[in-house]
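S.K.: Structure file start-v2.cif (mmCIF, C-alpha atoms) is given on the next line.
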```
data_data
loop_
_atom_site.label_atom_id
_atom_site.label_comp_id
_atom_site.auth_asym_id
_atom_site.auth_seq_id
_atom_site.Cartn_x
_atom_site.Cartn_y
_atom_site.Cartn_z
CA MET H 9 106.07 121.06 34.60
CA PRO H 10 108.40 124.03 34.33
CA LEU H 11 107.61 127.68 34.65
CA LEU H 12 109.33 129.07 31.55
CA ALA H 13 108.76 132.82 31.62
CA ALA H 14 106.87 135.71 33.17
CA ALA H 15 105.69 139.12 32.03
CA VAL H 16 104.88 142.04 34.31
CA CYS H 17 102.50 144.71 33.00
CA PRO H 18 100.44 147.50 34.59
CA HIS H 19 96.66 147.62 34.31
CA PRO H 20 95.46 151.19 33.72
CA PRO H 21 92.17 151.25 31.78
CA LEU H 22 93.61 154.07 29.66
CA ILE H 23 95.97 151.56 28.08
CA VAL H 24 93.04 150.76 25.75
CA PRO H 25 93.36 153.32 22.90
CA GLU H 26 89.62 153.61 22.32
CA LEU H 27 89.17 154.50 25.98
CA ALA H 28 92.07 156.94 26.10
CA GLY H 29 90.80 158.86 23.06
CA ALA H 30 92.99 161.86 22.25
CA ALA H 31 95.41 160.85 25.01
CA ALA H 32 96.10 157.46 23.41
CA PRO H 33 99.47 158.49 21.90
CA GLU H 34 100.76 159.30 25.38
CA LEU H 35 100.68 155.60 26.29
CA ALA H 36 101.79 154.20 22.93
CA GLU H 37 105.23 153.28 24.26
CA LEU H 38 103.64 151.53 27.24
CA ARG H 39 101.30 149.54 24.99
CA ASP H 40 104.18 148.49 22.75
CA ALA H 41 106.23 147.36 25.74
CA CYS H 42 103.32 145.30 27.08
CA ALA H 43 102.76 143.71 23.67
CA ALA H 44 106.43 142.74 23.50
CA ALA H 45 106.34 141.27 27.01
CA VAL H 46 103.26 139.18 26.23
CA ALA H 47 104.71 138.03 22.91
CA ALA H 48 107.81 136.86 24.79
CA LEU H 49 105.63 134.49 26.84
CA TYR H 50 104.44 132.80 23.66
CA ALA H 51 107.97 132.70 22.25
CA ALA H 52 109.13 130.86 25.37
CA GLY H 53 106.91 127.92 24.38
CA ALA H 54 104.29 128.07 27.13
CA ASP H 55 101.19 125.94 26.64
CA THR H 56 99.37 127.73 29.47
CA VAL H 57 99.47 131.37 30.55
CA VAL H 58 98.31 132.12 34.10
CA LEU H 59 97.08 135.69 34.58
CA VAL H 60 97.54 137.02 38.13
CA GLY H 61 96.24 140.36 39.38
CA ALA H 62 94.74 142.13 42.37
CA GLY H 63 91.05 141.66 43.12
CA GLU H 64 88.59 141.75 46.00
CA ARG H 65 89.55 138.26 47.16
CA THR H 66 92.12 135.55 46.59
CA THR H 67 90.73 132.86 44.34
CA GLU H 68 90.94 131.27 40.92
CA LEU H 69 88.19 132.27 38.48
CA ALA H 70 86.76 129.45 36.40
CA LEU H 71 86.51 129.90 32.66
CA PRO H 72 84.89 131.05 30.44
CA ARG H 73 84.87 134.52 31.94
CA ARG H 74 84.05 137.90 30.42
CA GLY H 75 84.43 141.49 31.51
CA SER H 76 83.59 144.92 30.16
CA PHE H 77 85.23 148.34 30.11
CA ALA H 78 81.75 149.92 30.33
CA PRO H 79 82.37 151.24 33.88
CA TRP H 80 85.20 153.29 32.38
CA GLY H 81 83.07 154.59 29.52
CA LEU H 82 83.80 152.06 26.75
CA PRO H 83 81.28 149.34 25.72
CA LEU H 84 84.07 146.84 24.97
CA THR H 85 83.80 143.27 26.26
CA VAL H 86 86.79 140.95 26.44
CA GLY H 87 87.25 137.58 28.02
CA LEU H 88 88.94 134.22 28.03
CA ALA H 89 87.40 131.03 26.74
CA THR H 90 87.53 127.73 28.56
CA ALA H 91 90.90 126.06 28.54
CA GLY H 92 89.56 122.56 29.09
CA GLY H 93 89.40 120.71 32.39
CA ASP H 94 88.62 122.06 35.82
CA PRO H 95 90.74 124.87 37.25
CA VAL H 96 93.22 123.91 39.94
CA PRO H 97 93.20 125.97 43.13
CA PRO H 98 96.35 128.09 43.51
CA SER H 99 97.13 126.36 46.82
CA GLY H 100 95.44 124.33 49.51
CA GLY H 101 92.17 125.73 50.78
CA VAL H 102 91.47 128.12 47.91
CA GLU H 103 88.48 127.04 45.87
CA PRO H 104 87.86 128.19 42.29
CA VAL H 105 84.90 130.48 41.69
CA PRO H 106 82.58 129.22 38.93
CA PRO H 107 81.54 131.46 36.04
CA PRO H 108 78.74 133.78 37.22
CA ALA H 109 75.38 133.63 35.52
CA ASP H 110 75.14 137.42 35.43
CA ASP H 111 78.59 138.11 33.94
CA GLU H 112 80.05 139.49 37.16
CA PRO H 113 82.79 141.94 36.17
CA LEU H 114 86.39 140.82 36.09
CA PRO H 115 88.74 142.68 38.43
CA LEU H 116 90.33 145.57 36.53
CA SER H 117 93.74 143.89 36.64
CA LEU H 118 92.48 140.72 34.96
CA LEU H 119 90.23 142.68 32.59
CA VAL H 120 93.26 144.55 31.25
CA GLY H 121 95.19 141.28 31.19
CA ALA H 122 92.51 139.69 29.02
CA TRP H 123 92.66 142.70 26.71
CA LEU H 124 96.46 142.38 26.45
CA VAL H 125 96.40 138.71 25.47
CA ASP H 126 93.55 139.44 23.05
CA ARG H 127 95.56 142.28 21.46
CA THR H 128 98.70 140.13 21.22
CA ALA H 129 97.12 136.91 20.03
CA PRO H 130 99.12 133.71 20.60
CA PRO H 131 100.57 131.97 17.53
CA ALA H 132 99.28 128.57 18.70
CA PRO H 133 96.38 127.27 20.85
CA THR H 134 96.96 128.43 24.42
CA ALA H 135 95.26 127.55 27.69
CA TRP H 136 94.45 130.32 30.15
CA ARG H 137 93.93 130.59 33.89
CA LEU H 138 92.83 133.58 35.96
CA VAL H 139 93.99 134.09 39.55
CA SER H 140 92.77 137.01 41.67
CA VAL H 141 94.83 138.03 44.73
CA ALA H 142 93.33 140.15 47.51
CA SER H 143 95.01 143.53 47.81
CA ASP H 144 95.67 142.99 51.53
CA GLU H 145 97.09 139.48 51.19
CA PRO H 146 100.27 139.23 53.32
CA ALA H 147 103.60 138.62 51.61
CA ASP H 148 104.05 135.07 52.86
CA ARG H 149 100.60 134.11 51.62
CA CYS H 150 101.31 135.63 48.20
CA ALA H 151 104.54 133.67 48.00
CA ALA H 152 102.71 130.48 48.96
CA LEU H 153 100.12 131.09 46.24
CA GLY H 154 102.84 131.39 43.64
CA ALA H 155 104.69 128.34 44.90
CA GLY H 156 101.46 126.34 45.00
CA LEU H 157 100.40 126.87 41.40
CA ARG H 158 100.09 123.54 39.62
CA VAL H 159 99.97 123.60 35.83
CA ASP H 160 100.05 120.76 33.32
CA GLY H 161 102.76 121.30 30.72
CA PRO H 162 105.15 124.22 30.24
CA TRP H 163 103.62 127.47 31.43
CA ALA H 164 104.13 131.19 31.93
CA LEU H 165 102.84 133.99 34.15
CA LEU H 166 101.29 137.29 33.12
CA VAL H 167 101.44 139.46 36.23
CA LEU H 168 99.29 142.61 36.30
CA GLY H 169 100.00 145.47 38.68
CA ASP H 170 100.67 149.20 38.93
CA GLY H 171 103.36 150.88 40.98
CA SER H 172 102.74 153.75 43.38
CA ALA H 173 99.87 156.14 42.64
CA CYS H 174 101.53 158.91 44.68
CA HIS H 175 103.89 160.57 42.19
CA GLY H 176 103.11 164.27 42.45
CA PRO H 177 100.25 166.47 43.67
CA LYS H 178 98.00 165.52 40.74
CA ALA H 179 98.41 161.77 41.34
CA PRO H 180 95.36 159.72 42.43
CA GLY H 181 96.99 159.25 45.84
CA TYR H 182 98.39 162.79 45.96
CA ASP H 183 102.12 163.30 46.51
CA ASP H 184 104.29 161.10 48.71
CA PRO H 185 108.06 161.62 48.59
CA ARG H 186 108.61 157.91 49.24
CA ALA H 187 106.95 156.89 45.96
CA GLY H 188 110.00 157.47 43.77
CA ALA H 189 112.35 155.33 45.84
CA TYR H 190 109.74 152.59 46.16
CA ASP H 191 109.15 152.27 42.42
CA GLU H 192 112.88 152.50 41.68
CA GLU H 193 113.44 149.53 43.97
CA VAL H 194 110.71 147.57 42.18
CA ALA H 195 112.22 148.52 38.82
CA ARG H 196 115.62 147.27 39.94
CA ALA H 197 114.12 144.01 41.21
CA LEU H 198 112.28 143.45 37.93
CA ALA H 199 115.38 144.26 35.87
CA ASP H 200 117.48 141.82 37.90
CA ALA H 201 114.84 139.07 38.25
CA ASP H 202 115.29 139.48 42.00
CA ALA H 203 112.53 137.45 43.63
CA ASP H 204 113.84 138.08 47.14
CA ALA H 205 113.59 141.86 46.66
CA LEU H 206 109.97 141.56 45.56
CA LEU H 207 109.15 139.36 48.53
CA GLY H 208 110.71 142.01 50.76
CA LEU H 209 108.21 144.69 49.73
CA ASP H 210 106.35 145.89 52.82
CA PRO H 211 102.56 145.46 52.49
CA GLU H 212 101.83 148.38 54.84
CA LEU H 213 104.09 150.80 53.00
CA SER H 214 102.74 149.53 49.68
CA ALA H 215 99.20 150.27 50.81
CA GLN H 216 100.18 153.77 51.97
CA LEU H 217 101.71 154.45 48.54
CA ARG H 218 98.66 153.07 46.72
CA VAL H 219 100.67 150.28 45.04
CA ALA H 220 98.24 147.92 43.29
CA GLY H 221 100.89 145.51 42.04
CA ARG H 222 102.49 144.37 45.29
CA PRO H 223 100.43 141.15 45.84
CA ALA H 224 100.77 139.94 42.23
CA TRP H 225 104.51 140.72 42.15
CA GLN H 226 104.96 138.61 45.27
CA VAL H 227 103.00 135.74 43.70
CA LEU H 228 105.48 135.93 40.82
CA ALA H 229 108.38 135.87 43.25
CA GLY H 230 106.98 132.83 45.05
CA ALA H 231 106.46 130.96 41.79
CA VAL H 232 109.97 131.70 40.54
CA ARG H 233 111.58 130.82 43.85
CA ALA H 234 109.71 127.50 43.89
CA ALA H 235 110.62 126.80 40.26
CA GLY H 236 114.32 127.30 40.95
CA GLY H 237 116.87 127.63 38.19
CA ASP H 238 118.51 130.69 36.73
CA TRP H 239 116.47 133.66 35.53
CA HIS H 240 117.13 136.70 33.39
CA GLY H 241 115.21 139.95 33.87
CA GLU H 242 114.57 142.74 31.39
CA LEU H 243 112.91 146.03 32.32
CA ARG H 244 111.06 147.09 29.18
CA HIS H 245 109.37 150.25 30.44
CA HIS H 246 109.22 152.46 33.53
CA GLY H 247 107.23 155.68 33.58
CA VAL H 248 104.93 157.72 35.81
CA PRO H 249 102.27 159.27 33.57
CA TYR H 250 99.29 160.66 35.45
CA GLY H 251 101.21 160.24 38.71
CA VAL H 252 101.12 156.41 38.66
CA GLY H 253 104.11 154.11 38.27
CA TYR H 254 103.85 151.82 35.25
CA LEU H 255 106.46 149.06 34.96
CA VAL H 256 106.81 146.43 32.24
CA ALA H 257 109.27 143.57 32.50
CA SER H 258 110.10 140.12 31.19
CA TRP H 259 111.62 137.24 33.14
CA THR H 260 112.92 134.18 31.30
CA ARG H 261 114.66 131.00 32.34
CA THR H 262 118.29 130.69 31.28
CA ASP H 263 118.77 127.04 32.29
CA PRO H 264 116.80 124.78 29.88
CA THR H 265 117.22 121.10 30.70
CA GLY H 266 117.86 120.04 27.12
CA PRO H 267 118.48 121.28 23.60
CA ASP H 268 114.82 121.05 22.71
CA GLY H 269 113.54 123.03 25.69
CA PRO H 270 112.57 122.35 29.31
CA ASP H 271 109.80 119.86 28.49
CA GLY H 272 111.71 117.91 25.87
CA THR H 273 109.68 119.23 22.95
CA SER H 274 110.70 121.55 20.19
CA ALA H 275 110.75 125.20 21.25
CA GLY H 276 108.16 125.93 18.60
CA ASP H 277 105.83 123.12 19.65
CA THR H 278 103.27 124.47 22.09
CA GLY H 279 101.30 121.25 22.31
CA THR H 280 97.57 120.81 21.93
CA ALA H 281 96.16 122.71 24.90
CA ALA H 282 92.79 124.20 24.08
CA GLY H 283 91.68 127.72 24.79
CA GLY H 284 91.25 131.10 23.21
CA VAL H 285 90.14 134.66 23.53
CA THR H 286 86.54 135.64 22.96
CA ARG H 287 84.74 138.94 22.59
#
```
Translate this structure into structure tokens?

M.R.:
Amino acid sequence: MPLLAAAVCPHPPLIVPELAGAAAPELAELRDACAAAVAALYAAGADTVVLVGAGERTTELALPRRGSFAPWGLPLTVGLATAGGDPVPPSGGVEPVPPPADDEPLPLSLLVGAWLVDRTAPPAPTAWRLVSVASDEPADRCAALGAGLRVDGPWALLVLGDGSACHGPKAPGYDDPRAGAYDEEVARALADADADALLGLDPELSAQLRVAGRPAWQVLAGAVRAAGGDWHGELRHHGVPYGVGYLVASWTRTDPTGPDGPDGTSAGDTGTAAGGVTR
């Protein structure tokens, strides 16, 4: 079934206002842009939203799954409820990881993703899937993961990832003069829905520039390239607060196969897929 839309958002823990405290207003524009990007996924008519972000290993996490911001100083737990059915591995040879008995923490990328979809609640029942991508996964493997995603019904991607953490001497990765050009190229690719440009990002340079989003962006590119069709990109936000590149974008299909949408149903009919957000 068709991939309808994608949203790209960063995953800084300070995006949560309660965690940012007095600094919360500084990221208000970023939060609003992320909320708009997530809302656009629902408006596209997706029954399932697949969250993709960097983690320790490449795998799909079975639901239900919970995570906490406690390691960052906030006793807030968010998670995603079961979507019904068994999770499908992203591609051959990748097995899903069952829910841990001890509430093993979600990767930060997917933790923030769960908070974003909780904050911008879907207007209709929505199924969720969580895919973790190892930070050192090569580009061709990331592309294969995206191309290998199999989802029942119309679906969308929520892609979590930060740009370079090397913007200035106070940045987490200190200052690297290559950071600006790198993030500008990513911003252009996101604005133009240019999957080839994302697939061309160099993993070694990305690692040197402390770019957390590279693997997830390349999963997005692989999924869109496999889906085919015409795509429109919109860059909703690009900033470098705290020396880290934060980019927010929306990609949408511009070639529906019929007047009622790509799956033949009304654009407002999101089906009966189960799922939901839990605290």

S.K.: With only C-alpha atoms as the atoms that count, which of H:Val60, H:Val120, H:Ala151, H:Ala224 lies nearest to Thr85 in chain H?

M.R.: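 Among the listed residues, H:Val120 lies closest to Thr85 in chain H.
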
S.K.: Spell out the residues picked by the PyMOL selection byres ((chain H and resi 122) around 8) here, as a ChimeraX atom specification.

M.R.: /H:86-88,118-121,123-126,285

S.K.: Write the residues of the preceding selection, restricted to C-alpha atoms, as a CSV table (one decimal), in the frame of the given file.

M.R.:
```csv
chain,number,residue,atom,x,y,z
H,86,VAL,CA,86.8,141.0,26.4
H,87,GLY,CA,87.2,137.6,28.0
H,88,LEU,CA,88.9,134.2,28.0
H,118,LEU,CA,92.5,140.7,35.0
H,119,LEU,CA,90.2,142.7,32.6
H,120,VAL,CA,93.3,144.6,31.2
H,121,GLY,CA,95.2,141.3,31.2
H,123,TRP,CA,92.7,142.7,26.7
H,124,LEU,CA,96.5,142.4,26.4
H,125,VAL,CA,96.4,138.7,25.5
H,126,ASP,CA,93.6,139.4,23.0
H,285,VAL,CA,90.1,134.7,23.5
```

S.K.: Show which residues sit within 6 Å of range 162-172 of chain H, as a compact mmCIF listing (two decimals) with C-alpha atoms, in the coordinates of the input. Count only C-alpha atoms, and ignore same-chain residues fewer than 2 positions away.

M.R.:
```txt
# COMPACT_ATOMS: atom_id res chain seq x y z
CA MET H 9 106.07 121.06 34.60
CA PRO H 10 108.40 124.03 34.33
CA LEU H 11 107.61 127.68 34.65
CA LEU H 12 109.33 129.07 31.55
CA ALA H 13 108.76 132.82 31.62
CA ALA H 14 106.87 135.71 33.17
CA ALA H 15 105.69 139.12 32.03
CA VAL H 16 104.88 142.04 34.31
CA CYS H 17 102.50 144.71 33.00
CA PRO H 18 100.44 147.50 34.59
CA HIS H 19 96.66 147.62 34.31
CA ALA H 54 104.29 128.07 27.13
CA ASP H 55 101.19 125.94 26.64
CA THR H 56 99.37 127.73 29.47
CA VAL H 57 99.47 131.37 30.55
CA VAL H 58 98.31 132.12 34.10
CA LEU H 59 97.08 135.69 34.58
CA VAL H 60 97.54 137.02 38.13
CA GLY H 61 96.24 140.36 39.38
CA SER H 117 93.74 143.89 36.64
CA CYS H 174 101.53 158.91 44.68
CA ALA H 187 106.95 156.89 45.96
CA LEU H 217 101.71 154.45 48.54
CA ARG H 218 98.66 153.07 46.72
CA VAL H 219 100.67 150.28 45.04
CA ALA H 220 98.24 147.92 43.29
CA GLY H 221 100.89 145.51 42.04
CA VAL H 252 101.12 156.41 38.66
CA GLY H 253 104.11 154.11 38.27
CA TYR H 254 103.85 151.82 35.25
```

S.K.: Could you state which residues are captured by the PyMOL selection byres ((chain H and resi 256) around 9) in this file, as a list in words?

M.R.: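 Selection result, ordered by chain and number: Ala15, Val16, Cys17, Pro18, Leu38, Ala41, Cys42, Ala45, Ala195, Leu198, Glu242, Leu243, Arg244, His245, His246, Tyr254, Leu255, Ala257 and Ser258 of chain H.
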
S.K.: I'd like to know which of H:Pro185, H:Gly81, H:Pro180, H:Gly154 is closest to Leu228 in chain H, using only C-alpha atoms.

M.R.: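 Ranking H:Pro185, H:Gly81, H:Pro180, H:Gly154 by distance to Leu228 in chain H, first place goes to H:Gly154.
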
S.K.: Counting only C-alpha atoms, figure out which residue out of H:Ala199, H:Leu209, H:Leu138, H:Pro249 gets nearest to Ala36 in chain H.

M.R.: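 Counting only C-alpha atoms, the residue closest to Ala36 in chain H is H:Pro249.
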
S.K.: Could you spell out the hits of the PyMOL selection byres ((chain H and resi 235) around 8) on the shown file, as a PDB file with C-alpha atoms, keeping the file's coordinate frame?

M.R.:
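Dumped everything to selection_23.pdb:
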```pdb
ATOM      1  CA  PRO H  10     108.400 124.030  34.330  1.00  0.00           C
ATOM      2  CA  LEU H  11     107.610 127.680  34.650  1.00  0.00           C
ATOM      3  CA  ALA H 155     104.690 128.340  44.900  1.00  0.00           C
ATOM      4  CA  ALA H 231     106.460 130.960  41.790  1.00  0.00           C
ATOM      5  CA  VAL H 232     109.970 131.700  40.540  1.00  0.00           C
ATOM      6  CA  ARG H 233     111.580 130.820  43.850  1.00  0.00           C
ATOM      7  CA  ALA H 234     109.710 127.500  43.890  1.00  0.00           C
ATOM      8  CA  GLY H 236     114.320 127.300  40.950  1.00  0.00           C
ATOM      9  CA  GLY H 237     116.870 127.630  38.190  1.00  0.00           C
TER      10      GLY H 237
END
```

S.K.: In Å to one decimal, how far is CA of Leu71 in chain H from CA of Asp144 in chain H?

M.R.: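 Spanning CA of Asp144 in chain H to CA of Leu71 in chain H is a straight-line distance of 24.7 Å.
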
S.K.: Counting all atoms listed in the file, which residues have an atom no more than 7 Å from (92.5, 140.5, 44.0) in the file's coordinates? Please list them as a list in words.

M.R.: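 The residues that fall inside the cut-off are Gly61, Ala62, Gly63, Glu64, Arg65, Thr66, Ser140, Val141, Ala142 and Ser143 of chain H.
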
S.K.: How about saving the chosen residues, C-alpha atoms kept, as a short mmCIF file (atom, residue, chain, number, x, y, z; two decimals), keeping the file's coordinate frame?

M.R.:
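In the end it all went to again-v9.cif:
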```
data_model
loop_
_atom_site.label_atom_id
_atom_site.label_comp_id
_atom_site.auth_asym_id
_atom_site.auth_seq_id
_atom_site.Cartn_x
_atom_site.Cartn_y
_atom_site.Cartn_z
CA GLY H 61 96.24 140.36 39.38
CA ALA H 62 94.74 142.13 42.37
CA GLY H 63 91.05 141.66 43.12
CA GLU H 64 88.59 141.75 46.00
CA ARG H 65 89.55 138.26 47.16
CA THR H 66 92.12 135.55 46.59
CA SER H 140 92.77 137.01 41.67
CA VAL H 141 94.83 138.03 44.73
CA ALA H 142 93.33 140.15 47.51
CA SER H 143 95.01 143.53 47.81
#
```

S.K.: When you draw a straight line from CA of Ile23 in chain H to CA of Arg39 in chain H, how long is it in Å?

M.R.: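 It comes out at 6.5 Å.
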
S.K.: Which residue is closest to Asp148 in chain H? Choose from H:Pro133, H:Gly208, H:Gly181, H:Pro113 and count all atoms listed in the file.

M.R.: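 Among the listed residues, H:Gly208 lies closest to Asp148 in chain H.
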
S.K.: Can you measure CA of Leu116 in chain H to CA of His240 in chain H for me? One decimal in Å is fine.

M.R.: 28.4 Å

S.K.: Please determine, counting only C-alpha atoms, which residue among H:Ala89, H:Ala32, H:Ala44, H:Leu206 has the shortest atom-to-atom distance to Leu69 in chain H.

M.R.: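 Answer, going by the shortest atom-to-atom distance: H:Ala89.
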
S.K.: Find the residues near Tyr250 in chain H: any atom within 9 Å, counting all atoms listed in the file, skip ones fewer than 4 places away on the same chain, and give them as number ranges by chain.

M.R.: H: 173, 175-176, 178-180

S.K.: Take the residues from that selection and put them in a file with C-alpha atoms, as a PDB file, in the coordinates of the input.

M.R.:
```
ATOM      1  CA  ALA H 173      99.870 156.140  42.640  1.00  0.00           C
ATOM      2  CA  HIS H 175     103.890 160.570  42.190  1.00  0.00           C
ATOM      3  CA  GLY H 176     103.110 164.270  42.450  1.00  0.00           C
ATOM      4  CA  LYS H 178      98.000 165.520  40.740  1.00  0.00           C
ATOM      5  CA  ALA H 179      98.410 161.770  41.340  1.00  0.00           C
ATOM      6  CA  PRO H 180      95.360 159.720  42.430  1.00  0.00           C
TER       7      PRO H 180
END
```

S.K.: Using all atoms listed in the file, which of the listed residues (H:Glu37, H:Asp210, H:Asp263, H:Glu68) sits closest to Glu145 in chain H?

M.R.: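 Under the stated criterion, the closest residue is H:Asp210.
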
S.K.: Taking the block just given, write range 211-219 of chain H to a file that holds all heavy atoms, as a short mmCIF file (atom, residue, chain, number, x, y, z; two decimals), in the first residue's frame.

M.R.:
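The resulting file, out.cif, is reproduced below:
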```cif
data_model
loop_
_atom_site.label_atom_id
_atom_site.label_comp_id
_atom_site.auth_asym_id
_atom_site.auth_seq_id
_atom_site.Cartn_x
_atom_site.Cartn_y
_atom_site.Cartn_z
N PRO H 211 28.58 8.86 5.21
CA PRO H 211 28.51 8.44 6.61
C PRO H 211 29.73 8.87 7.42
O PRO H 211 29.60 9.23 8.60
CB PRO H 211 28.41 6.92 6.51
CG PRO H 211 27.78 6.66 5.17
CD PRO H 211 28.34 7.73 4.29
N GLU H 212 30.92 8.83 6.83
CA GLU H 212 32.12 9.19 7.59
C GLU H 212 32.12 10.67 7.93
O GLU H 212 32.38 11.06 9.08
CB GLU H 212 33.37 8.84 6.78
CG GLU H 212 34.66 9.14 7.52
CD GLU H 212 35.89 8.71 6.75
OE1 GLU H 212 35.74 8.06 5.69
OE2 GLU H 212 37.01 9.01 7.22
N LEU H 213 31.81 11.52 6.96
CA LEU H 213 31.73 12.95 7.24
C LEU H 213 30.62 13.25 8.23
O LEU H 213 30.78 14.07 9.14
CB LEU H 213 31.48 13.73 5.94
CG LEU H 213 31.25 15.24 6.08
CD1 LEU H 213 32.45 15.91 6.72
CD2 LEU H 213 30.90 15.86 4.74
N SER H 214 29.49 12.56 8.08
CA SER H 214 28.37 12.76 9.00
C SER H 214 28.78 12.44 10.43
O SER H 214 28.42 13.17 11.37
CB SER H 214 27.19 11.88 8.58
OG SER H 214 26.77 12.17 7.26
N ALA H 215 29.53 11.37 10.60
CA ALA H 215 29.99 11.00 11.94
C ALA H 215 30.96 12.05 12.49
O ALA H 215 30.90 12.40 13.67
CB ALA H 215 30.65 9.63 11.90
N GLN H 216 31.85 12.56 11.65
CA GLN H 216 32.79 13.58 12.09
C GLN H 216 32.07 14.85 12.54
O GLN H 216 32.51 15.53 13.48
CB GLN H 216 33.76 13.91 10.96
CG GLN H 216 34.70 12.78 10.60
CD GLN H 216 35.50 13.06 9.35
OE1 GLN H 216 35.38 14.13 8.73
NE2 GLN H 216 36.33 12.11 8.94
N LEU H 217 30.95 15.16 11.89
CA LEU H 217 30.18 16.36 12.21
C LEU H 217 29.09 16.10 13.25
O LEU H 217 28.26 16.97 13.48
CB LEU H 217 29.55 16.93 10.93
CG LEU H 217 30.54 17.45 9.89
CD1 LEU H 217 29.81 17.92 8.63
CD2 LEU H 217 31.39 18.57 10.46
N ARG H 218 29.10 14.91 13.83
CA ARG H 218 28.15 14.57 14.89
C ARG H 218 26.70 14.73 14.40
O ARG H 218 25.85 15.32 15.07
CB ARG H 218 28.39 15.42 16.13
CG ARG H 218 29.76 15.32 16.74
CD ARG H 218 29.89 14.10 17.63
NE ARG H 218 29.00 14.23 18.78
CZ ARG H 218 29.32 14.84 19.93
NH1 ARG H 218 30.51 15.40 20.06
NH2 ARG H 218 28.47 14.88 20.93
N VAL H 219 26.41 14.19 13.24
CA VAL H 219 25.07 14.27 12.64
C VAL H 219 24.29 13.03 13.05
O VAL H 219 24.58 11.93 12.59
CB VAL H 219 25.15 14.37 11.10
CG1 VAL H 219 23.74 14.40 10.50
CG2 VAL H 219 25.94 15.60 10.68
#
```
